[in-house]
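final_23.pdb, holding PDB, C-alpha atoms:
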ATOM      1  CA  MET A   1     142.069 119.741 101.149
ATOM      2  CA  ASN A   2     144.893 117.261 101.700
ATOM      3  CA  THR A   3     146.625 118.310 104.897
ATOM      4  CA  ASP A   4     149.306 115.623 105.068
ATOM      5  CA  SER A   5     150.853 116.530 101.742
ATOM      6  CA  ASN A   6     154.205 117.216 103.402
ATOM      7  CA  GLU A   7     154.621 113.494 103.996
ATOM      8  CA  THR A   8     154.287 112.637 100.356
ATOM      9  CA  THR A   9     157.081 113.095  97.905
ATOM     10  CA  GLU A  10     157.492 116.274  95.943
ATOM     11  CA  LEU A  11     156.663 114.556  92.671
ATOM     12  CA  ALA A  12     153.351 113.220  93.992
ATOM     13  CA  THR A  13     152.495 116.677  95.330
ATOM     14  CA  LEU A  14     153.188 118.188  91.944
ATOM     15  CA  GLU A  15     151.036 115.587  90.188
ATOM     16  CA  GLN A  16     148.221 116.110  92.669
ATOM     17  CA  THR A  17     148.340 119.874  92.284
ATOM     18  CA  ALA A  18     148.285 119.537  88.518
ATOM     19  CA  SER A  19     145.302 117.193  88.543
ATOM     20  CA  GLU A  20     143.445 119.373  91.039
ATOM     21  CA  GLU A  21     144.064 122.374  88.844
ATOM     22  CA  LEU A  22     142.842 120.445  85.814
ATOM     23  CA  ILE A  23     139.627 119.472  87.616
ATOM     24  CA  SER A  24     139.174 123.028  88.892
ATOM     25  CA  VAL A  25     139.540 124.614  85.466
ATOM     26  CA  MET A  26     137.331 122.083  83.706
ATOM     27  CA  THR A  27     134.648 122.317  86.401
ATOM     28  CA  GLY A  28     134.815 126.087  86.207
ATOM     29  CA  LEU A  29     134.114 125.878  82.501
ATOM     30  CA  LEU A  30     130.900 124.007  83.288
ATOM     31  CA  TYR A  31     129.351 126.836  85.359
ATOM     32  CA  PRO A  32     127.298 128.511  82.618
ATOM     33  CA  PHE A  33     126.109 125.210  81.178
ATOM     34  CA  ILE A  34     124.885 123.968  84.569
ATOM     35  CA  ALA A  35     123.126 127.280  85.228
ATOM     36  CA  VAL A  36     121.454 127.401  81.822
ATOM     37  CA  PHE A  37     120.385 123.756  82.033
ATOM     38  CA  GLY A  38     118.915 124.224  85.513
ATOM     39  CA  ILE A  39     117.002 127.354  84.516
ATOM     40  CA  TYR A  40     115.755 125.578  81.394
ATOM     41  CA  ILE A  41     114.477 122.620  83.421
ATOM     42  CA  ILE A  42     112.714 124.934  85.880
ATOM     43  CA  TYR A  43     111.281 127.281  83.250
ATOM     44  CA  ASN A  44     109.857 124.476  81.114
ATOM     45  CA  GLY A  45     108.767 122.379  84.075
ATOM     46  CA  HIS A  46     105.074 122.929  83.424
ATOM     47  CA  ASP A  47     105.270 121.751  79.800
ATOM     48  CA  THR A  48     108.005 119.124  79.676
ATOM     49  CA  PRO A  49     109.347 116.571  82.148
ATOM     50  CA  GLY A  50     111.200 118.335  84.896
ATOM     51  CA  GLY A  51     110.164 121.017  87.321
ATOM     52  CA  GLY A  52     111.185 122.802  90.465
ATOM     53  CA  PHE A  53     112.701 119.940  92.404
ATOM     54  CA  GLN A  54     114.730 118.560  89.521
ATOM     55  CA  GLY A  55     115.920 121.957  88.317
ATOM     56  CA  GLY A  56     116.738 122.955  91.865
ATOM     57  CA  ALA A  57     118.934 119.908  92.277
ATOM     58  CA  ILE A  58     120.759 120.866  89.070
ATOM     59  CA  MET A  59     121.207 124.430  90.331
ATOM     60  CA  ALA A  60     122.635 122.994  93.547
ATOM     61  CA  ALA A  61     125.195 121.204  91.372
ATOM     62  CA  LEU A  62     126.373 124.696  90.397
ATOM     63  CA  PHE A  63     127.303 125.421  94.010
ATOM     64  CA  LEU A  64     128.764 121.929  94.344
ATOM     65  CA  ALA A  65     131.012 122.711  91.376
ATOM     66  CA  ARG A  66     131.984 125.985  93.034
ATOM     67  CA  PHE A  67     132.835 124.028  96.199
ATOM     68  CA  ILE A  68     135.164 121.837  94.146
ATOM     69  CA  VAL A  69     136.768 124.805  92.398
ATOM     70  CA  ALA A  70     137.157 127.423  95.100
ATOM     71  CA  HIS A  71     137.408 125.652  98.507
ATOM     72  CA  GLU A  72     136.265 128.860 100.187
ATOM     73  CA  ASN A  73     133.696 128.804 102.934
ATOM     74  CA  ASP A  74     132.283 132.236 102.154
ATOM     75  CA  LEU A  75     128.650 131.138 102.183
ATOM     76  CA  GLU A  76     126.567 133.120 104.649
ATOM     77  CA  VAL A  77     124.703 130.099 105.987
ATOM     78  CA  HIS A  78     122.250 132.022 108.124
ATOM     79  CA  PHE A  79     121.445 134.499 105.381
ATOM     80  CA  VAL A  80     120.809 131.658 102.946
ATOM     81  CA  HIS A  81     118.759 129.849 105.556
ATOM     82  CA  ASN A  82     116.615 132.923 106.209
ATOM     83  CA  LEU A  83     116.175 133.373 102.454
ATOM     84  CA  GLU A  84     114.989 129.784 102.276
ATOM     85  CA  LYS A  85     112.474 130.398 105.059
ATOM     86  CA  PHE A  86     111.219 133.465 103.187
ATOM     87  CA  LEU A  87     110.821 131.386 100.026
ATOM     88  CA  PHE A  88     108.871 128.802 101.990
ATOM     89  CA  ALA A  89     106.564 131.553 103.296
ATOM     90  CA  LEU A  90     105.959 132.652  99.700
ATOM     91  CA  LEU A  91     105.367 129.001  98.842
ATOM     92  CA  LEU A  92     102.581 128.964 101.422
ATOM     93  CA  ILE A  93     101.072 132.344 100.508
ATOM     94  CA  VAL A  94     100.993 132.160  96.713
ATOM     95  CA  PRO A  95      99.041 128.869  96.340
ATOM     96  CA  GLY A  96      96.923 129.909  99.313
ATOM     97  CA  ILE A  97      95.758 132.926  97.349
ATOM     98  CA  PHE A  98      95.712 131.432  93.888
ATOM     99  CA  VAL A  99      94.591 127.821  94.307
ATOM    100  CA  PHE A 100      92.898 127.477  97.678
ATOM    101  CA  ALA A 101      91.080 130.812  97.553
ATOM    102  CA  GLY A 102      89.902 130.111  94.023
ATOM    103  CA  LEU A 103      91.544 133.023  92.227
ATOM    104  CA  GLN A 104      92.418 130.732  89.327
ATOM    105  CA  ILE A 105      88.755 130.514  88.369
ATOM    106  CA  GLN A 106      88.466 134.295  88.076
ATOM    107  CA  PHE A 107      91.800 134.841  86.310
ATOM    108  CA  PRO A 108      92.461 131.840  84.071
ATOM    109  CA  GLU A 109      95.137 133.767  82.141
ATOM    110  CA  LEU A 110      97.351 133.720  85.232
ATOM    111  CA  LYS A 111      97.520 129.933  85.385
ATOM    112  CA  ILE A 112     100.730 129.492  83.396
ATOM    113  CA  PRO A 113     102.581 132.387  85.112
ATOM    114  CA  TYR A 114     101.519 130.834  88.417
ATOM    115  CA  LEU A 115     102.996 127.475  87.418
ATOM    116  CA  ILE A 116     106.274 129.050  86.267
ATOM    117  CA  PHE A 117     106.543 131.201  89.401
ATOM    118  CA  MET A 118     105.876 128.247  91.683
ATOM    119  CA  ASN A 119     108.462 126.152  89.870
ATOM    120  CA  PHE A 120     111.008 128.951  90.324
ATOM    121  CA  LEU A 121     110.189 129.240  94.021
ATOM    122  CA  ILE A 122     110.549 125.497  94.561
ATOM    123  CA  GLY A 123     113.700 125.370  92.457
ATOM    124  CA  MET A 124     115.421 128.202  94.348
ATOM    125  CA  LYS A 125     114.375 126.696  97.674
ATOM    126  CA  VAL A 126     115.714 123.241  96.802
ATOM    127  CA  ALA A 127     118.932 124.721  95.385
ATOM    128  CA  LEU A 128     119.594 126.796  98.511
ATOM    129  CA  GLY A 129     118.773 123.902 100.827
ATOM    130  CA  LEU A 130     121.036 121.432  99.054
ATOM    131  CA  THR A 131     123.766 124.098  98.908
ATOM    132  CA  ILE A 132     123.643 124.524 102.684
ATOM    133  CA  VAL A 133     123.870 120.742 103.089
ATOM    134  CA  VAL A 134     126.804 120.427 100.686
ATOM    135  CA  TYR A 135     128.784 123.296 102.221
ATOM    136  CA  ARG A 136     128.129 122.183 105.784
ATOM    137  CA  PHE A 137     129.141 118.593 105.116
ATOM    138  CA  GLY A 138     132.050 119.570 102.904
ATOM    139  CA  PHE A 139     133.683 122.032 105.294
ATOM    140  CA  PHE A 140     132.729 120.822 108.758
ATOM    141  CA  GLU A 141     131.748 117.183 108.662
ATOM    142  CA  GLY A 142     133.770 115.703 105.849
ATOM    143  CA  ARG A 143     137.242 115.769 107.431
TER     144      ARG A 143
ATOM    145  CA  MET B   7     114.445 105.417 131.293
ATOM    146  CA  ARG B   8     113.526 108.328 129.044
ATOM    147  CA  THR B   9     115.345 106.749 126.150
ATOM    148  CA  VAL B  10     113.433 103.503 126.656
ATOM    149  CA  LEU B  11     110.111 105.357 126.720
ATOM    150  CA  VAL B  12     110.987 107.285 123.589
ATOM    151  CA  SER B  13     112.050 104.063 121.874
ATOM    152  CA  ILE B  14     108.782 102.348 122.799
ATOM    153  CA  PHE B  15     106.797 105.363 121.624
ATOM    154  CA  VAL B  16     108.593 105.483 118.276
ATOM    155  CA  ALA B  17     108.182 101.727 117.800
ATOM    156  CA  LEU B  18     104.460 101.964 118.582
ATOM    157  CA  LEU B  19     104.106 104.888 116.192
ATOM    158  CA  PHE B  20     105.838 102.911 113.473
ATOM    159  CA  ALA B  21     103.634  99.864 114.121
ATOM    160  CA  GLY B  22     100.544 102.056 114.064
ATOM    161  CA  VAL B  23     101.468 103.659 110.764
ATOM    162  CA  VAL B  24     102.187 100.266 109.211
ATOM    163  CA  PHE B  25      98.930  98.883 110.644
ATOM    164  CA  LEU B  26      96.884 101.773 109.262
ATOM    165  CA  TYR B  27      98.575 101.408 105.905
ATOM    166  CA  THR B  28      97.823  97.694 105.666
ATOM    167  CA  VAL B  29      94.242  97.600 106.989
ATOM    168  CA  HIS B  30      92.637 100.539 105.238
ATOM    169  CA  GLY B  31      90.384  99.559 102.362
ATOM    170  CA  GLU B  32      90.115 102.902 100.620
ATOM    171  CA  THR B  33      90.545 102.938  96.899
ATOM    172  CA  THR B  34      90.101 105.951  94.674
ATOM    173  CA  GLY B  35      89.110 103.946  91.636
ATOM    174  CA  VAL B  36      89.742 104.936  88.075
ATOM    175  CA  ASP B  37      87.379 107.918  88.028
ATOM    176  CA  ILE B  38      89.770 110.407  89.569
ATOM    177  CA  ALA B  39      92.679 109.189  87.448
ATOM    178  CA  SER B  40      90.758 109.522  84.208
ATOM    179  CA  TYR B  41      89.470 112.930  85.348
ATOM    180  CA  TYR B  42      93.044 114.145  85.827
ATOM    181  CA  ILE B  43      94.195 112.744  82.512
ATOM    182  CA  TYR B  44      91.388 114.279  80.460
ATOM    183  CA  ASN B  45      90.952 117.603  82.266
ATOM    184  CA  PHE B  46      94.349 118.707  83.587
ATOM    185  CA  ALA B  47      95.122 120.985  80.628
ATOM    186  CA  ALA B  48      91.828 122.850  80.870
ATOM    187  CA  ASP B  49      91.928 123.024  84.663
ATOM    188  CA  THR B  50      95.488 124.164  85.241
ATOM    189  CA  GLY B  51      96.931 125.269  81.894
ATOM    190  CA  ALA B  52      99.913 122.978  82.255
ATOM    191  CA  GLY B  53     101.250 120.848  79.442
ATOM    192  CA  ASN B  54     102.625 118.288  81.831
ATOM    193  CA  ALA B  55     100.238 116.247  83.950
ATOM    194  CA  VAL B  56     102.794 115.808  86.723
ATOM    195  CA  ALA B  57     103.188 119.568  87.102
ATOM    196  CA  ALA B  58      99.411 119.966  87.037
ATOM    197  CA  ILE B  59      99.066 117.489  89.883
ATOM    198  CA  TYR B  60     101.880 118.672  92.138
ATOM    199  CA  LEU B  61     101.213 122.390  91.668
ATOM    200  CA  ASN B  62      97.437 122.384  91.623
ATOM    201  CA  TYR B  63      95.510 119.216  92.494
ATOM    202  CA  ARG B  64      97.931 118.031  95.187
ATOM    203  CA  MET B  65      99.320 121.349  96.421
ATOM    204  CA  TYR B  66      99.419 120.177 100.038
ATOM    205  CA  ASP B  67     101.822 117.422  99.026
ATOM    206  CA  THR B  68     104.244 119.932  97.534
ATOM    207  CA  ILE B  69     103.992 122.274 100.526
ATOM    208  CA  PHE B  70     104.783 119.528 103.001
ATOM    209  CA  GLU B  71     107.545 118.202 100.778
ATOM    210  CA  ALA B  72     109.185 121.634 100.831
ATOM    211  CA  LEU B  73     108.598 121.773 104.586
ATOM    212  CA  ILE B  74     110.393 118.448 105.025
ATOM    213  CA  LEU B  75     113.459 119.876 103.268
ATOM    214  CA  LEU B  76     113.349 123.010 105.425
ATOM    215  CA  VAL B  77     112.961 121.039 108.660
ATOM    216  CA  SER B  78     115.767 118.652 107.761
ATOM    217  CA  ILE B  79     118.113 121.582 107.122
ATOM    218  CA  ILE B  80     117.105 123.223 110.402
ATOM    219  CA  ALA B  81     117.829 119.923 112.172
ATOM    220  CA  MET B  82     121.174 119.580 110.402
ATOM    221  CA  LEU B  83     122.248 123.120 111.329
ATOM    222  CA  HIS B  84     121.088 122.539 114.895
ATOM    223  CA  PHE B  85     122.722 119.189 115.573
ATOM    224  CA  PHE B  86     125.969 119.433 113.606
ATOM    225  CA  ARG B  87     127.890 121.996 115.575
ATOM    226  CA  ALA B  88     131.316 120.680 114.577
ATOM    227  CA  GLY B  89     133.801 123.203 113.246
ATOM    228  CA  GLY B  90     133.462 126.943 113.428
ATOM    229  CA  SER B  91     129.767 127.335 112.832
ATOM    230  CA  LYS B  92     128.404 130.823 113.188
TER     231      LYS B  92
END
Would it be possible to restate this file's structure as C-alpha coordinates?
Amino acid sequence: MNTDSNETTELATLEQTASEELISVMTGLLYPFIAVFGIYIIYNGHDTPGGGFQGGAIMAALFLARFIVAHENDLEVHFVHNLEKFLFALLLIVPGIFVFAGLQIQFPELKIPYLIFMNFLIGMKVALGLTIVVYRFGFFEGR
Amino acid sequence: MRTVLVSIFVALLFAGVVFLYTVHGETTGVDIASYYIYNFAADTGAGNAVAAIYLNYRMYDTIFEALILLVSIIAMLHFFRAGGSK
(Lines of atoms letter the chains of each structure in order from A and count residues from 1; the text may use other names and numbers.)
(Lines give C-alpha, C1' and ligand atoms only; values in the text may rest on other atoms or scores of the structure.)
Protein backbone atom coordinates (compact mmCIF):
# COMPACT_ATOMS: atom_id res chain seq x y z
CA MET A 1 0.00 0.00 0.00
CA ASN A 2 2.69 2.47 1.03
CA THR A 3 4.94 2.92 -1.98
CA ASP A 4 7.42 5.41 -0.54
CA SER A 5 8.53 3.15 2.27
CA ASN A 6 12.13 3.25 1.05
CA GLU A 7 12.36 6.86 2.19
CA THR A 8 11.44 6.05 5.73
CA THR A 9 13.87 4.57 8.17
CA GLU A 10 14.22 0.86 8.61
CA LEU A 11 12.80 0.98 12.12
CA ALA A 12 9.63 2.76 10.99
CA THR A 13 9.22 0.23 8.17
CA LEU A 14 9.52 -2.61 10.65
CA GLU A 15 6.96 -1.03 12.98
CA GLN A 16 4.58 -0.42 10.09
CA THR A 17 4.90 -3.98 8.84
CA ALA A 18 4.28 -5.31 12.32
CA SER A 19 1.17 -3.19 12.82
CA GLU A 20 -0.14 -4.07 9.36
CA GLU A 21 0.36 -7.73 10.13
CA LEU A 22 -1.42 -7.31 13.45
CA ILE A 23 -4.40 -5.65 11.74
CA SER A 24 -4.41 -8.29 9.01
CA VAL A 25 -4.44 -11.21 11.43
CA MET A 26 -7.05 -9.70 13.73
CA THR A 27 -9.29 -8.74 10.80
CA GLY A 28 -8.89 -12.22 9.38
CA LEU A 29 -10.14 -13.64 12.64
CA LEU A 30 -13.33 -11.61 12.23
CA TYR A 31 -14.35 -13.26 8.92
CA PRO A 32 -16.66 -15.96 10.31
CA PHE A 33 -18.28 -13.62 12.81
CA ILE A 34 -19.08 -11.02 10.13
CA ALA A 35 -20.48 -13.72 7.84
CA VAL A 36 -22.62 -15.31 10.54
CA PHE A 37 -23.90 -11.94 11.75
CA GLY A 38 -24.81 -10.84 8.22
CA ILE A 39 -26.62 -14.09 7.45
CA TYR A 40 -28.44 -13.85 10.78
CA ILE A 41 -29.61 -10.31 10.05
CA ILE A 42 -30.83 -11.32 6.58
CA TYR A 43 -32.46 -14.58 7.68
CA ASN A 44 -34.37 -12.98 10.55
CA GLY A 45 -35.17 -9.81 8.64
CA HIS A 46 -38.87 -10.59 8.39
CA ASP A 47 -39.28 -11.10 12.14
CA THR A 48 -36.79 -8.79 13.83
CA PRO A 49 -35.28 -5.42 12.94
CA GLY A 50 -32.93 -5.81 10.04
CA GLY A 51 -33.41 -7.17 6.57
CA GLY A 52 -31.82 -7.41 3.17
CA PHE A 53 -30.24 -3.99 2.93
CA GLN A 54 -28.76 -4.00 6.41
CA GLY A 55 -27.52 -7.58 6.21
CA GLY A 56 -26.12 -6.94 2.77
CA ALA A 57 -24.11 -4.01 4.06
CA ILE A 58 -22.71 -6.27 6.80
CA MET A 59 -21.83 -8.93 4.22
CA ALA A 60 -20.06 -6.24 2.21
CA ALA A 61 -17.97 -5.57 5.33
CA LEU A 62 -16.71 -9.14 4.88
CA PHE A 63 -15.21 -8.22 1.51
CA LEU A 64 -13.97 -4.93 2.95
CA ALA A 65 -12.13 -6.93 5.62
CA ARG A 66 -10.69 -9.15 2.90
CA PHE A 67 -9.53 -6.02 1.06
CA ILE A 68 -7.69 -4.94 4.20
CA VAL A 69 -6.15 -8.37 4.74
CA ALA A 70 -5.19 -9.55 1.28
CA HIS A 71 -4.57 -6.47 -0.95
CA GLU A 72 -5.22 -8.63 -4.00
CA ASN A 73 -7.36 -7.38 -6.83
CA ASP A 74 -8.63 -10.81 -7.84
CA LEU A 75 -12.29 -9.81 -7.99
CA GLU A 76 -13.84 -10.53 -11.36
CA VAL A 77 -15.70 -7.22 -11.56
CA HIS A 78 -17.67 -8.03 -14.68
CA PHE A 79 -18.69 -11.45 -13.44
CA VAL A 80 -19.88 -9.95 -10.16
CA HIS A 81 -21.65 -7.19 -12.03
CA ASN A 82 -23.45 -9.67 -14.28
CA LEU A 83 -24.40 -11.71 -11.21
CA GLU A 84 -25.85 -8.56 -9.70
CA LYS A 85 -27.88 -7.90 -12.84
CA PHE A 86 -29.18 -11.47 -12.70
CA LEU A 87 -30.18 -10.98 -9.06
CA PHE A 88 -32.00 -7.80 -10.02
CA ALA A 89 -33.89 -9.71 -12.73
CA LEU A 90 -34.93 -12.26 -10.11
CA LEU A 91 -35.90 -9.35 -7.87
CA LEU A 92 -38.28 -8.19 -10.60
CA ILE A 93 -39.66 -11.63 -11.48
CA VAL A 94 -40.30 -13.12 -8.04
CA PRO A 95 -42.52 -10.32 -6.62
CA GLY A 96 -44.10 -9.96 -10.05
CA ILE A 97 -45.32 -13.53 -9.79
CA PHE A 98 -45.98 -13.69 -6.08
CA VAL A 99 -47.28 -10.26 -5.08
CA PHE A 100 -48.48 -8.48 -8.20
CA ALA A 101 -50.06 -11.54 -9.82
CA GLY A 102 -51.79 -12.44 -6.57
CA LEU A 103 -50.22 -15.85 -5.96
CA GLN A 104 -49.94 -15.05 -2.26
CA ILE A 105 -53.71 -15.27 -1.91
CA GLN A 106 -53.77 -18.80 -3.32
CA PHE A 107 -50.70 -20.06 -1.44
CA PRO A 108 -50.59 -18.33 1.94
CA GLU A 109 -48.09 -20.91 3.26
CA LEU A 110 -45.46 -19.52 0.90
CA LYS A 111 -45.54 -16.04 2.41
CA ILE A 112 -42.69 -16.51 4.89
CA PRO A 113 -40.41 -18.37 2.42
CA TYR A 114 -41.09 -15.53 -0.02
CA LEU A 115 -40.01 -12.94 2.55
CA ILE A 116 -36.84 -14.86 3.43
CA PHE A 117 -35.96 -15.43 -0.24
CA MET A 118 -36.49 -11.78 -1.10
CA ASN A 119 -34.36 -10.68 1.83
CA PHE A 120 -31.58 -13.01 0.63
CA LEU A 121 -31.83 -11.66 -2.91
CA ILE A 122 -31.66 -8.05 -1.72
CA GLY A 123 -28.86 -8.85 0.71
CA MET A 124 -26.69 -10.58 -1.91
CA LYS A 125 -27.34 -7.78 -4.38
CA VAL A 126 -26.39 -5.05 -1.91
CA ALA A 127 -23.32 -6.99 -0.77
CA LEU A 128 -22.06 -7.50 -4.33
CA GLY A 129 -22.74 -3.89 -5.27
CA LEU A 130 -20.94 -2.44 -2.27
CA THR A 131 -18.08 -4.90 -2.84
CA ILE A 132 -17.62 -3.64 -6.40
CA VAL A 133 -17.61 -0.06 -5.10
CA VAL A 134 -15.08 -0.82 -2.36
CA TYR A 135 -12.70 -2.74 -4.63
CA ARG A 136 -12.91 -0.18 -7.42
CA PHE A 137 -12.26 2.76 -5.13
CA GLY A 138 -9.64 0.92 -3.11
CA PHE A 139 -7.51 -0.26 -6.02
CA PHE A 140 -8.03 2.34 -8.74
CA GLU A 141 -9.27 5.57 -7.25
CA GLY A 142 -7.79 5.68 -3.79
CA ARG A 143 -4.13 6.31 -4.66
CA MET B 1 -23.88 26.01 -25.11
CA ARG B 2 -24.90 22.41 -24.51
CA THR B 3 -23.64 22.57 -20.96
CA VAL B 4 -25.69 25.72 -20.33
CA LEU B 5 -28.82 24.07 -21.72
CA VAL B 6 -28.28 20.97 -19.62
CA SER B 7 -27.71 23.13 -16.55
CA ILE B 8 -30.92 25.08 -17.16
CA PHE B 9 -32.84 21.85 -17.73
CA VAL B 10 -31.54 20.29 -14.52
CA ALA B 11 -32.28 23.46 -12.55
CA LEU B 12 -35.83 23.59 -13.95
CA LEU B 13 -36.32 19.91 -13.14
CA PHE B 14 -35.14 20.51 -9.59
CA ALA B 15 -37.44 23.54 -9.22
CA GLY B 16 -40.34 21.54 -10.61
CA VAL B 17 -39.80 18.66 -8.22
CA VAL B 18 -39.55 21.04 -5.26
CA PHE B 19 -42.66 22.91 -6.47
CA LEU B 20 -44.67 19.70 -6.81
CA TYR B 21 -43.52 18.57 -3.40
CA THR B 22 -44.56 21.81 -1.72
CA VAL B 23 -47.91 22.47 -3.43
CA HIS B 24 -49.54 19.06 -3.40
CA GLY B 25 -52.25 18.69 -0.79
CA GLU B 26 -52.53 14.93 -0.72
CA THR B 27 -52.65 13.27 2.64
CA THR B 28 -53.20 9.59 3.26
CA GLY B 29 -54.76 10.08 6.65
CA VAL B 30 -54.59 7.63 9.50
CA ASP B 31 -56.72 4.93 7.87
CA ILE B 32 -53.96 3.36 5.82
CA ALA B 33 -51.48 3.53 8.70
CA SER B 34 -53.82 1.82 11.13
CA TYR B 35 -54.69 -0.75 8.44
CA TYR B 36 -51.01 -1.63 8.07
CA ILE B 37 -50.45 -1.81 11.81
CA TYR B 38 -53.41 -4.09 12.52
CA ASN B 39 -53.35 -6.30 9.41
CA PHE B 40 -49.72 -6.72 8.32
CA ALA B 41 -49.23 -10.05 10.09
CA ALA B 42 -52.32 -11.63 8.54
CA ASP B 43 -51.65 -10.14 5.12
CA THR B 44 -47.97 -10.91 4.69
CA GLY B 45 -46.96 -13.36 7.42
CA ALA B 46 -44.13 -11.14 8.57
CA GLY B 47 -43.37 -10.45 12.20
CA ASN B 48 -41.84 -7.10 11.40
CA ALA B 49 -44.03 -4.34 10.01
CA VAL B 50 -41.14 -2.74 8.14
CA ALA B 51 -40.43 -5.96 6.26
CA ALA B 52 -44.14 -6.35 5.53
CA ILE B 53 -44.24 -2.88 4.01
CA TYR B 54 -41.05 -2.96 1.95
CA LEU B 55 -41.51 -6.52 0.67
CA ASN B 56 -45.24 -6.53 0.10
CA TYR B 57 -47.24 -3.30 0.37
CA ARG B 58 -44.55 -1.06 -1.12
CA MET B 59 -42.76 -3.51 -3.41
CA TYR B 60 -42.22 -0.88 -6.11
CA ASP B 61 -40.19 1.16 -3.64
CA THR B 62 -37.84 -1.75 -3.00
CA ILE B 63 -37.49 -2.56 -6.70
CA PHE B 64 -36.54 0.99 -7.59
CA GLU B 65 -34.23 1.22 -4.60
CA ALA B 66 -32.36 -1.85 -5.86
CA LEU B 67 -32.38 -0.34 -9.35
CA ILE B 68 -30.78 2.85 -8.02
CA LEU B 69 -27.91 0.80 -6.58
CA LEU B 70 -27.49 -1.09 -9.86
CA VAL B 71 -27.54 2.10 -11.95
CA SER B 72 -25.07 3.85 -9.67
CA ILE B 73 -22.64 0.94 -9.98
CA ILE B 74 -23.04 0.89 -13.76
CA ALA B 75 -22.30 4.63 -13.80
CA MET B 76 -19.28 4.17 -11.54
CA LEU B 77 -17.84 1.38 -13.71
CA HIS B 78 -18.50 3.46 -16.81
CA PHE B 79 -17.03 6.77 -15.71
CA PHE B 80 -14.09 5.70 -13.54
CA ARG B 81 -11.73 4.24 -16.08
CA ALA B 82 -8.59 5.00 -14.08
CA GLY B 83 -6.15 2.15 -13.57
CA GLY B 84 -6.20 -1.14 -15.40
CA SER B 85 -9.90 -1.76 -15.63
CA LYS B 86 -10.95 -4.74 -17.67
At most 9 Å is the cut-off: for each residue in chain B with any atom that close to an atom of chain A, write down the nearest atom pair and the distance in Å rounded to one decimal, counting all atoms listed in the file, chain first then increasing number, as a tab-separated table.
residue	atom	partner	partner_atom	distance
B:Asp49	CA	A:Pro108	CA	8.9
B:Thr50	CA	A:Lys111	CA	6.1
B:Gly51	CA	A:Lys111	CA	5.9
B:Ala52	CA	A:His46	CA	5.3
B:Gly53	CA	A:Asp47	CA	4.1
B:Asn54	CA	A:Asp47	CA	4.8
B:Ala55	CA	A:His46	CA	8.3
B:Val56	CA	A:Pro49	CA	8.0
B:Ala57	CA	A:His46	CA	5.3
B:Ala58	CA	A:His46	CA	7.3
B:Leu61	CA	A:Leu115	CA	6.9
B:Asn62	CA	A:Val99	CA	6.7
B:Tyr63	CA	A:Val99	CA	8.8
B:Met65	CA	A:Pro95	CA	7.5
B:Thr68	CA	A:Ile122	CA	8.9
B:Ile69	CA	A:Leu92	CA	6.9
B:Ala72	CA	A:Phe88	CA	7.3
B:Leu73	CA	A:Phe88	CA	7.5
B:Leu75	CA	A:Gly129	CA	7.1
B:Leu76	CA	A:Gly129	CA	7.2
B:Ile79	CA	A:Gly129	CA	6.7
B:Ile80	CA	A:His81	CA	8.4
B:Met82	CA	A:Val133	CA	7.9
B:Leu83	CA	A:Arg136	CA	8.1
B:Phe86	CA	A:Glu141	CA	7.9
B:Arg87	CA	A:Phe140	CA	8.4
B:Ala88	CA	A:Phe140	CA	6.0
B:Gly89	CA	A:Phe140	CA	5.2
B:Gly90	CA	A:Phe140	CA	7.7
B:Ser91	CA	A:Phe140	CA	8.2
B:Lys92	CA	A:His78	CA	8.1
* Counting all atoms listed in the file, the option among A:Phe86, A:Phe63, A:Tyr43, A:Phe117 closest to Leu30 (chain A) -> A:Phe63
* Asked: Can you tell me how far CA of Ala65 (chain A) sits from CA of Ser24 (chain A), in Å to one decimal?
  ->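 Between CA of Ala65 (chain A) and CA of Ser24 (chain A) the gap is 8.5 Å.
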* Asked: What does the distance from CA of Phe67 (chain A) to CA of Ala127 (chain A) come to in Å, to one decimal?
  -> 13.9 Å
Using all atoms of region 30-34 of chain B that appear in the file, construct an axis-aligned enclosing box with 6 Å of padding on every side and provide its centre coordinates and edge lengths in Å, rounded to one decimal, as JSON.
{"center_x": 91.4, "center_y": 102.8, "center_z": 100.0, "size_x": 14.5, "size_y": 18.4, "size_z": 22.6}
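Counting from CA of Asp67 (chain B), the distance to CA of Ala60 (chain A) is 22.2 Å.
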